[in-house]
Amino acid sequence: MTTTEMTEPTIAQNNAQRDKSDRQRTFWHKTTPYWFMSPYIIIFGTFGIFPVLFMIYLSFHTWNPVAGLGTMEFVGLENYTLSLTDPTLWQTLWNTFLMALYSGVPQHLVALPMAYLLVQLGKRARHWLTTAYFLPYVTSTIAISMIFFVMFSKESGIINQILTGLANGSLTGWAFGWLNDFMPLGWVQENSLIRYSVSFVVFWKYVGFNIVIYTAGLATISDELYEAAIIDGANSWQRFTRIALPLLRPFIFFAVTLTIIGNMNLFDEPYVLTRGLQQASTNGMTISNYLYRVAWEWLDMGSAAAISWILFMVIGLFTGLYFWFFGRRGLGGE
Amino acid sequence: MKHTHGLGLALASLTLTSGAMAADIRLDGFPDYDSQLEAILGDFPAHNVEMLMNEHGGHHDKLKTNLATGSGAGDVVLIDRNFVGSFVNQGGFYDLTDEFAPYKDNFAAYAVTQGQGNDGNQYAVPVDLGPGVVYYRRDYMEDMGYDLDEVMTDWDSYLDYGRALKEDDILLIGNASAIATAYWNFNVEPGNGLYFDADGEPLVTSDRFKRAFELAKTVRDEGMDANISEWTEEWYAGFREGRFATQMSGAWLLGHLQNWMAPETAGNWGVSNLPDNTYGTWGGSFLAIPRQSDNPEAAWDLIEYMISEDIQLAGFKNIAAFPAHTGTYDDPMFNEPIEFLRGQRARVLFADIAENVTPVEPHEGDQIAESLIGTALEQVLNDGVDIDTALANAERQIKRRVR
């Protein structure tokens with residue numbers, strides 16, 4: 001501290017001081033919202049933005065994670081050309097597409113009429129049943145898949161036991177007897193069956209979620225419309241197809257978009273049902289499973305990053321096409 | 001600010017001098033090593049050892065992340081044999097060549113080689129071994145009027161035994177793929193690696209793999225296996241119900257069989273070399289010190305303790321981890337008859353195998369080759385794909401992927 005600073009400030013100095021504190025006040029005033037947002041922004045930046053940017057960088061390098069960060073080597077587009085000419089990538093993409101289709105389409109075909117029925121049933125029953133259908137969705141995917149794995153098992157699994165019972169039962173034998181030629185079915189062991197098994201689990205888990213979306217959607221449709229239709233002599237099927245379905249379009253659009261994105265990212269169910277890609281992996285492995293294998297089993301992070309971007313493009317393409325064809329009408333516009 | 005600086009300096013000086021005094025170190029591993037450590041750490045006062053145990057898969061995933069980011073790994077880490085090949089060549093571990101030199105000759109030669117990088121330095125030290133053997137049901141062999149030497153003469157005689165069993169509705173093995181795996185693992189040509197030759201060229205279209213695939217395919221096609229996946233509830237049930245007459249595995253399967261998989265079948269089992277008198281290895285674990293460790297000296301002290309003769313024997317008693325230290329094989333314990341195997345002195349056989357296995361150099365592409373060959377085998381056994389096609393396809397993919 002010097003003596004000059006101890007003297008009284010001049011007017012100019014005083015003004016400057018005031019300006020400064022004003023500026024400070026405005027600064028704090030203006031930035032306050034951002035300070036409040038900062039916890040989210042920091043977390044999102046660290047775990048959301050940074051990995052995405054890092055993955056772009058990574059996809060142009062080879063990197064064995066076990067060797068540490070210093071060993072990255074720039075290889076240009078090699079990871080992309082290697083992946084795009086990789087038959088396994090195309091096979092797993094095809095598997096993903098088929099399983100997305102097998103599990104996705106029935107989800108909506110079942111959820112729509114089911115939601116319509118639930119709404120007809122009245123409030124009390126509806127609340128109970130929607131909760132029941134929603135339960136699989138909030139249950140851990142791993143737990144569900146492991147239970148299905150046991151149910152699908154070849155000799156002691158309940159599914160094969162029921163089928164054997166039906167095939168040999170005195171009352172049902174005539175209809176199911178032919179099943180005996182195929183028993184026991186390796187639901188999660190055979191490449192010919194694995195896609196159906198995985199798709200069924202995915203269907204079972206997510207159908208409730210769609211039912212909830214559609215019941216919510218149906219609740220927005222005014223009763224007057226139905227009443228008017230009844231007066232005009234419309235039967236219940238006509239009321240479903242002519243009133244409920246068209247007015248549900250935005251909801252269908254939303255739910256189908258989620259299904260496309262979710263199903264193309266399918267990981268847990270096939271991973272558990274193929275026992276960590278150990279069995280029926282030729283047809284049961286999705287592209288997400290494959291990129292996990294490339295990254296963590298084969299320790300080729302660069303290729304895995306490239307595959308992630310390829311998957312991103314594919315999902316973008318599918319969603320884009322869907323928007324292109326159904327977007328305007330889907331969102332309720334004409 | 002000043003305060004933290006001071007603290008930082010104090011910590012730094014503490015670390016610098018810690019070589020001589022007790023240090024806090026951590027061992028990362030997987031069960032049952034927790035039981036072993038709990039039993040032995042009481043007699044290791046030199047340092048404070050903490051342990052972090054995760055199940056087998058989770059532990060190795062965590063270790064990969066730790067190595068990638070350069071932080072978070074323990075001072076000593078346990079590594080399964082399957083991962084050691086892809087870890088030792090990547091520079092994430094301290095070179096233990098000098099430290100291990102005085103002990104090296106006392107350890108199973110093949111396991112010592114497995115812990116070495118391509119540069120010949122020792123990055124991982126063997127702590128337990130998995131001598132490869134066949135477990136077989138003695139009662140079935142007696143009932144059928146076969147004797148062991150007759151069955152295990154070669155692979156064809158082994159298959160003939162399977163055909164005879166089939167007539168009595170007993171299966172040779174739970175899953176034919178174990179036969180193929182055993183064959184290509186245990187018949188490596190001198191100078192070659194498991195999947196790659198000395199120049200890094202893939203070997204998967206060689207006769208060794210063709211023969212392995214043919215053996216498994218014969219077993220599958222003639223209905224001598226149950227096509228049940230290993231390590232599933234049905235596989236365990238198969239052992240309990242006595243559906244399988246043989247199983248290839250590491251010596252360690254004995255512990256699982258007698259403790260929980262099929263304790264009620266005690267006395268019906270025997271253990272033998274693989275057909276054609278093959279010596280092989282199935283599993284095993286290693287210890288290594290990650291470069292990120294702040295206390296490599298203390299970490300080595302712990303490793304040195306864990307590979308000492310007494311502790312190796314204790315591991316065998318506590319968790320049936322077969323000692324990598326061959327000096328332990330004179331212990332009277334090895335001569336004890338094992339009741340579960342109808343009094344067979346099986347440990348002598350295990351020790352004999354451990355000392356006779358030919359070293360096989362690990363290759364960094366082993367993991368890639370292993371999963372691609374696994375897929376090829378599945379296609380051959382389950383989907384009727386032709387063996388040559390499947391192997392050629394696997395070779396093409398291995399060549400692309402190993403860069």
# chains A, B, ... in the order shown; residues from 1 in each chain; ligands from 1
call {"tool": "select_by_dssp", "arguments": {"residues": "range 77-196 of chain A", "states": "helix (DSSP H, G or I)", "output": "VMD selection string"}}
result
chain A and resid 78 to 84 87 to 120 123 to 138 141 to 151 158 to 168 173 to 181 194 to 196
call {"tool": "write_last_selection", "arguments": {"atoms": "C-alpha atoms", "output": "PDB file, in the first residue's frame"}}
result
ATOM      1  CA  GLU A  78      -9.359 -45.350 -43.276  1.00  0.00           C
ATOM      2  CA  ASN A  79     -11.747 -46.205 -40.443  1.00  0.00           C
ATOM      3  CA  TYR A  80     -14.708 -45.274 -42.611  1.00  0.00           C
ATOM      4  CA  THR A  81     -13.556 -47.205 -45.680  1.00  0.00           C
ATOM      5  CA  LEU A  82     -12.652 -50.192 -43.508  1.00  0.00           C
ATOM      6  CA  SER A  83     -16.061 -50.175 -41.849  1.00  0.00           C
ATOM      7  CA  LEU A  84     -18.113 -49.541 -44.957  1.00  0.00           C
ATOM      8  CA  PRO A  87     -19.383 -57.520 -44.349  1.00  0.00           C
ATOM      9  CA  THR A  88     -20.103 -57.856 -40.615  1.00  0.00           C
ATOM     10  CA  LEU A  89     -21.149 -54.220 -40.451  1.00  0.00           C
ATOM     11  CA  TRP A  90     -23.711 -54.732 -43.191  1.00  0.00           C
ATOM     12  CA  GLN A  91     -24.874 -57.999 -41.668  1.00  0.00           C
ATOM     13  CA  THR A  92     -25.383 -56.384 -38.259  1.00  0.00           C
ATOM     14  CA  LEU A  93     -27.095 -53.396 -39.837  1.00  0.00           C
ATOM     15  CA  TRP A  94     -29.457 -55.763 -41.625  1.00  0.00           C
ATOM     16  CA  ASN A  95     -30.078 -57.639 -38.334  1.00  0.00           C
ATOM     17  CA  THR A  96     -30.829 -54.342 -36.614  1.00  0.00           C
ATOM     18  CA  PHE A  97     -33.188 -53.291 -39.378  1.00  0.00           C
ATOM     19  CA  LEU A  98     -35.086 -56.593 -39.324  1.00  0.00           C
ATOM     20  CA  MET A  99     -35.380 -56.660 -35.546  1.00  0.00           C
ATOM     21  CA  ALA A 100     -36.477 -53.014 -35.541  1.00  0.00           C
ATOM     22  CA  LEU A 101     -39.171 -53.959 -38.020  1.00  0.00           C
ATOM     23  CA  TYR A 102     -40.293 -57.176 -36.293  1.00  0.00           C
ATOM     24  CA  SER A 103     -40.535 -55.516 -32.920  1.00  0.00           C
ATOM     25  CA  GLY A 104     -41.579 -52.044 -34.026  1.00  0.00           C
ATOM     26  CA  VAL A 105     -44.518 -52.685 -36.338  1.00  0.00           C
ATOM     27  CA  PRO A 106     -46.432 -55.011 -33.965  1.00  0.00           C
ATOM     28  CA  GLN A 107     -45.871 -52.542 -31.111  1.00  0.00           C
ATOM     29  CA  HIS A 108     -47.992 -49.947 -32.840  1.00  0.00           C
ATOM     30  CA  LEU A 109     -50.464 -52.359 -34.393  1.00  0.00           C
ATOM     31  CA  VAL A 110     -51.218 -53.673 -30.907  1.00  0.00           C
ATOM     32  CA  ALA A 111     -50.858 -50.454 -28.927  1.00  0.00           C
ATOM     33  CA  LEU A 112     -53.326 -48.429 -31.017  1.00  0.00           C
ATOM     34  CA  PRO A 113     -56.419 -50.658 -30.710  1.00  0.00           C
ATOM     35  CA  MET A 114     -55.425 -51.539 -27.149  1.00  0.00           C
ATOM     36  CA  ALA A 115     -55.335 -47.881 -26.141  1.00  0.00           C
ATOM     37  CA  TYR A 116     -58.711 -47.361 -27.840  1.00  0.00           C
ATOM     38  CA  LEU A 117     -60.201 -50.280 -25.889  1.00  0.00           C
ATOM     39  CA  LEU A 118     -58.699 -49.027 -22.636  1.00  0.00           C
ATOM     40  CA  VAL A 119     -60.268 -45.607 -23.106  1.00  0.00           C
ATOM     41  CA  GLN A 120     -63.645 -47.278 -23.728  1.00  0.00           C
ATOM     42  CA  LYS A 123     -61.305 -44.466 -15.925  1.00  0.00           C
ATOM     43  CA  ARG A 124     -60.825 -46.996 -13.133  1.00  0.00           C
ATOM     44  CA  ALA A 125     -59.994 -50.011 -15.264  1.00  0.00           C
ATOM     45  CA  ARG A 126     -57.968 -47.845 -17.591  1.00  0.00           C
ATOM     46  CA  HIS A 127     -55.657 -46.559 -14.876  1.00  0.00           C
ATOM     47  CA  TRP A 128     -54.993 -50.021 -13.500  1.00  0.00           C
ATOM     48  CA  LEU A 129     -54.421 -51.603 -16.876  1.00  0.00           C
ATOM     49  CA  THR A 130     -52.223 -48.814 -18.246  1.00  0.00           C
ATOM     50  CA  THR A 131     -50.054 -49.126 -15.173  1.00  0.00           C
ATOM     51  CA  ALA A 132     -49.831 -52.868 -15.686  1.00  0.00           C
ATOM     52  CA  TYR A 133     -48.883 -52.498 -19.355  1.00  0.00           C
ATOM     53  CA  PHE A 134     -46.376 -49.802 -18.455  1.00  0.00           C
ATOM     54  CA  LEU A 135     -44.574 -51.936 -15.875  1.00  0.00           C
ATOM     55  CA  PRO A 136     -42.230 -53.712 -18.322  1.00  0.00           C
ATOM     56  CA  TYR A 137     -41.093 -50.320 -19.575  1.00  0.00           C
ATOM     57  CA  VAL A 138     -39.918 -49.172 -16.158  1.00  0.00           C
ATOM     58  CA  THR A 141     -33.949 -54.168 -19.508  1.00  0.00           C
ATOM     59  CA  ILE A 142     -31.198 -56.445 -18.290  1.00  0.00           C
ATOM     60  CA  ALA A 143     -33.469 -58.073 -15.708  1.00  0.00           C
ATOM     61  CA  ILE A 144     -36.198 -58.594 -18.294  1.00  0.00           C
ATOM     62  CA  SER A 145     -33.797 -60.014 -20.851  1.00  0.00           C
ATOM     63  CA  MET A 146     -32.280 -62.393 -18.327  1.00  0.00           C
ATOM     64  CA  ILE A 147     -35.699 -63.707 -17.333  1.00  0.00           C
ATOM     65  CA  PHE A 148     -36.621 -64.185 -20.981  1.00  0.00           C
ATOM     66  CA  PHE A 149     -33.311 -65.932 -21.514  1.00  0.00           C
ATOM     67  CA  VAL A 150     -34.345 -68.489 -18.905  1.00  0.00           C
ATOM     68  CA  MET A 151     -37.838 -68.769 -20.379  1.00  0.00           C
ATOM     69  CA  ILE A 158     -41.225 -72.593 -19.978  1.00  0.00           C
ATOM     70  CA  ILE A 159     -41.899 -71.668 -23.601  1.00  0.00           C
ATOM     71  CA  ASN A 160     -40.662 -74.981 -24.959  1.00  0.00           C
ATOM     72  CA  GLN A 161     -42.425 -76.826 -22.141  1.00  0.00           C
ATOM     73  CA  ILE A 162     -45.725 -75.219 -23.034  1.00  0.00           C
ATOM     74  CA  LEU A 163     -45.210 -76.023 -26.708  1.00  0.00           C
ATOM     75  CA  THR A 164     -44.333 -79.637 -25.880  1.00  0.00           C
ATOM     76  CA  GLY A 165     -47.415 -79.809 -23.664  1.00  0.00           C
ATOM     77  CA  LEU A 166     -49.607 -78.503 -26.469  1.00  0.00           C
ATOM     78  CA  ALA A 167     -48.074 -80.858 -29.013  1.00  0.00           C
ATOM     79  CA  ASN A 168     -48.631 -83.913 -26.824  1.00  0.00           C
ATOM     80  CA  GLY A 173     -52.343 -82.652 -30.089  1.00  0.00           C
ATOM     81  CA  TRP A 174     -54.184 -82.598 -33.429  1.00  0.00           C
ATOM     82  CA  ALA A 175     -53.393 -78.913 -33.900  1.00  0.00           C
ATOM     83  CA  PHE A 176     -49.883 -78.766 -32.470  1.00  0.00           C
ATOM     84  CA  GLY A 177     -48.567 -82.274 -33.062  1.00  0.00           C
ATOM     85  CA  TRP A 178     -46.320 -81.105 -35.904  1.00  0.00           C
ATOM     86  CA  LEU A 179     -44.282 -79.112 -33.373  1.00  0.00           C
ATOM     87  CA  ASN A 180     -42.738 -82.349 -32.107  1.00  0.00           C
ATOM     88  CA  ASP A 181     -40.588 -82.546 -35.243  1.00  0.00           C
ATOM     89  CA  ILE A 194     -32.806 -65.369 -32.533  1.00  0.00           C
ATOM     90  CA  ARG A 195     -34.239 -62.315 -34.326  1.00  0.00           C
ATOM     91  CA  TYR A 196     -37.783 -63.329 -33.469  1.00  0.00           C
TER      92      TYR A 196
END
call {"tool": "closest_atom_pairs", "arguments": {"of": "chain B", "to": "chain A", "cutoff": "6 Å", "atoms": "only C-alpha atoms", "output": "tab-separated table"}}
result
residue	atom	partner	partner_atom	distance
B:Lys64	CA	A:Val66	CA	5.5
B:Leu67	CA	A:Val66	CA	5.0
B:Ala68	CA	A:Pro65	CA	4.3
B:Gln90	CA	A:Ala67	CA	4.4
B:Gly91	CA	A:Ala67	CA	5.7
B:Gly92	CA	A:Ala67	CA	5.6
B:Ile368	CA	A:Trp298	CA	5.4
call {"tool": "write_last_selection", "arguments": {"atoms": "C-alpha atoms", "output": "PDB file, in the first residue's frame"}}
result
ATOM      1  CA  LYS B  64      -9.324 -51.022 -20.108  1.00  0.00           C
ATOM      2  CA  LEU B  67      -5.489 -47.730 -19.055  1.00  0.00           C
ATOM      3  CA  ALA B  68      -7.140 -45.579 -21.722  1.00  0.00           C
ATOM      4  CA  GLN B  90       0.602 -51.785 -25.307  1.00  0.00           C
ATOM      5  CA  GLY B  91       3.011 -50.139 -22.932  1.00  0.00           C
ATOM      6  CA  GLY B  92       0.582 -49.574 -20.071  1.00  0.00           C
ATOM      7  CA  ILE B 368     -10.132 -60.452 -32.686  1.00  0.00           C
TER       8      ILE B 368
END
call {"tool": "residues_around", "arguments": {"residues": "range 43-55 of chain B", "least_positions_apart": "6", "cutoff": "8 Å", "atoms": "only C-alpha atoms", "output": "number ranges by chain"}}
result
B: 21-31, 34, 74, 298, 305
call {"tool": "residues_around", "arguments": {"residues": "Gly117 in chain B", "least_positions_apart": "2", "cutoff": "12 Å", "atoms": "only C-alpha atoms", "output": "mmCIF file with C-alpha atoms, in the first residue's frame"}}
result
data_model
loop_
_atom_site.group_PDB
_atom_site.id
_atom_site.type_symbol
_atom_site.label_atom_id
_atom_site.label_comp_id
_atom_site.auth_asym_id
_atom_site.auth_seq_id
_atom_site.Cartn_x
_atom_site.Cartn_y
_atom_site.Cartn_z
ATOM 1 C CA VAL B 84 -2.981 -60.747 -21.285
ATOM 2 C CA GLY B 85 -2.032 -60.933 -24.980
ATOM 3 C CA SER B 86 -3.825 -57.718 -25.840
ATOM 4 C CA PHE B 87 -2.469 -55.915 -22.759
ATOM 5 C CA VAL B 88 1.238 -56.715 -22.569
ATOM 6 C CA ASN B 89 2.227 -55.145 -25.868
ATOM 7 C CA GLN B 90 0.602 -51.785 -25.307
ATOM 8 C CA GLY B 91 3.011 -50.139 -22.932
ATOM 9 C CA GLY B 92 0.582 -49.574 -20.071
ATOM 10 C CA PHE B 93 2.552 -51.652 -17.567
ATOM 11 C CA TYR B 94 5.897 -51.525 -15.813
ATOM 12 C CA ASP B 95 8.607 -53.773 -17.191
ATOM 13 C CA LEU B 96 9.195 -56.359 -14.463
ATOM 14 C CA THR B 97 11.965 -58.291 -16.223
ATOM 15 C CA VAL B 112 6.150 -66.887 -18.182
ATOM 16 C CA THR B 113 6.122 -66.530 -21.981
ATOM 17 C CA GLN B 114 2.472 -65.526 -21.962
ATOM 18 C CA GLY B 115 3.300 -62.596 -19.706
ATOM 19 C CA ASP B 119 10.011 -57.176 -27.047
ATOM 20 C CA GLY B 120 10.717 -60.122 -24.742
ATOM 21 C CA ASN B 121 10.225 -58.088 -21.561
ATOM 22 C CA GLN B 122 8.123 -59.400 -18.697
ATOM 23 C CA TYR B 123 5.077 -57.167 -18.192
ATOM 24 C CA ALA B 124 2.849 -59.635 -16.374
ATOM 25 C CA VAL B 125 3.792 -62.325 -13.884
ATOM 26 C CA GLU B 361 3.582 -66.490 -27.992
ATOM 27 C CA PRO B 362 0.610 -64.183 -27.500
ATOM 28 C CA HIS B 363 -0.340 -61.880 -30.359
ATOM 29 C CA GLU B 364 -2.177 -58.599 -30.060
#
call {"tool": "atom_distance", "arguments": {"atom1": "CA of Asn273 in chain B", "atom2": "CA of Ile179 in chain B"}}
result
13.3 Å
call {"tool": "atom_distance", "arguments": {"atom1": "CA of Leu78 in chain B", "atom2": "CA of Phe186 in chain B"}}
result
24.3 Å
call {"tool": "residues_around", "arguments": {"residues": "Phe340 in chain B", "least_positions_apart": "6", "cutoff": "9 Å", "atoms": "only C-alpha atoms", "output": "ChimeraX atom specification"}}
result
/B:254,257-258,263,265-270
call {"tool": "write_last_selection", "arguments": {"atoms": "N, CA and C atoms", "output": "CSV table (one decimal), in the first residue's frame"}}
result
chain,number,residue,atom,x,y,z
B,254,LEU,N,-12.7,-78.6,-11.6
B,254,LEU,CA,-12.9,-79.5,-10.5
B,254,LEU,C,-13.6,-78.8,-9.3
B,257,LEU,N,-17.2,-78.1,-10.1
B,257,LEU,CA,-18.0,-79.3,-10.1
B,257,LEU,C,-18.3,-79.8,-8.7
B,258,GLN,N,-17.3,-79.8,-7.8
B,258,GLN,CA,-17.5,-80.4,-6.5
B,258,GLN,C,-18.2,-79.4,-5.6
B,263,PRO,N,-22.3,-81.5,-7.0
B,263,PRO,CA,-21.6,-82.2,-5.9
B,263,PRO,C,-22.1,-83.6,-5.7
B,265,THR,N,-22.6,-85.8,-7.8
B,265,THR,CA,-21.9,-86.8,-8.6
B,265,THR,C,-20.5,-87.2,-8.1
B,266,ALA,N,-20.2,-86.9,-6.9
B,266,ALA,CA,-18.9,-87.1,-6.3
B,266,ALA,C,-18.6,-88.6,-6.4
B,267,GLY,N,-17.3,-88.9,-6.8
B,267,GLY,CA,-16.9,-90.3,-6.8
B,267,GLY,C,-17.1,-90.9,-8.2
B,268,ASN,N,-17.9,-90.3,-9.1
B,268,ASN,CA,-18.1,-90.8,-10.4
B,268,ASN,C,-17.1,-90.3,-11.4
B,269,TRP,N,-16.3,-89.3,-11.0
B,269,TRP,CA,-15.5,-88.6,-12.0
B,269,TRP,C,-14.1,-89.0,-12.0
B,270,GLY,N,-13.4,-88.8,-13.1
B,270,GLY,CA,-12.0,-89.0,-13.2
B,270,GLY,C,-11.4,-87.9,-14.1
call {"tool": "residues_around", "arguments": {"residues": "Ala314 in chain B", "least_positions_apart": "5", "cutoff": "9 Å", "atoms": "only C-alpha atoms", "output": "PyMOL selection string"}}
result
chain B and resi 36+39-40+309+319-321
call {"tool": "write_last_selection", "arguments": {"atoms": "C-alpha atoms", "output": "PDB file, in the first residue's frame"}}
result
ATOM      1  CA  GLN B  36      -7.291 -65.474  -1.052  1.00  0.00           C
ATOM      2  CA  ALA B  39      -6.517 -65.033   4.085  1.00  0.00           C
ATOM      3  CA  ILE B  40      -2.977 -63.930   3.259  1.00  0.00           C
ATOM      4  CA  GLU B 309       6.039 -70.508  -2.520  1.00  0.00           C
ATOM      5  CA  ILE B 319      -9.411 -70.897  -3.715  1.00  0.00           C
ATOM      6  CA  ALA B 320      -8.056 -73.851  -5.731  1.00  0.00           C
ATOM      7  CA  ALA B 321      -5.893 -71.492  -7.798  1.00  0.00           C
TER       8      ALA B 321
END
call {"tool": "atom_distance", "arguments": {"atom1": "CA of Val134 in chain B", "atom2": "CA of Leu159 in chain B"}}
result
13.6 Å
call {"tool": "residues_around", "arguments": {"residues": "Asn82 in chain B", "least_positions_apart": "5", "cutoff": "9 Å", "atoms": "only C-alpha atoms", "output": "CSV table (one decimal) with C-alpha atoms, in the first residue's frame"}}
result
chain,number,residue,atom,x,y,z
B,283,GLY,CA,-7.2,-70.2,-18.4
B,284,GLY,CA,-4.8,-68.8,-15.8
B,285,SER,CA,-4.2,-65.4,-14.3
B,366,ASP,CA,-5.7,-62.9,-30.5
B,367,GLN,CA,-9.0,-61.4,-29.2
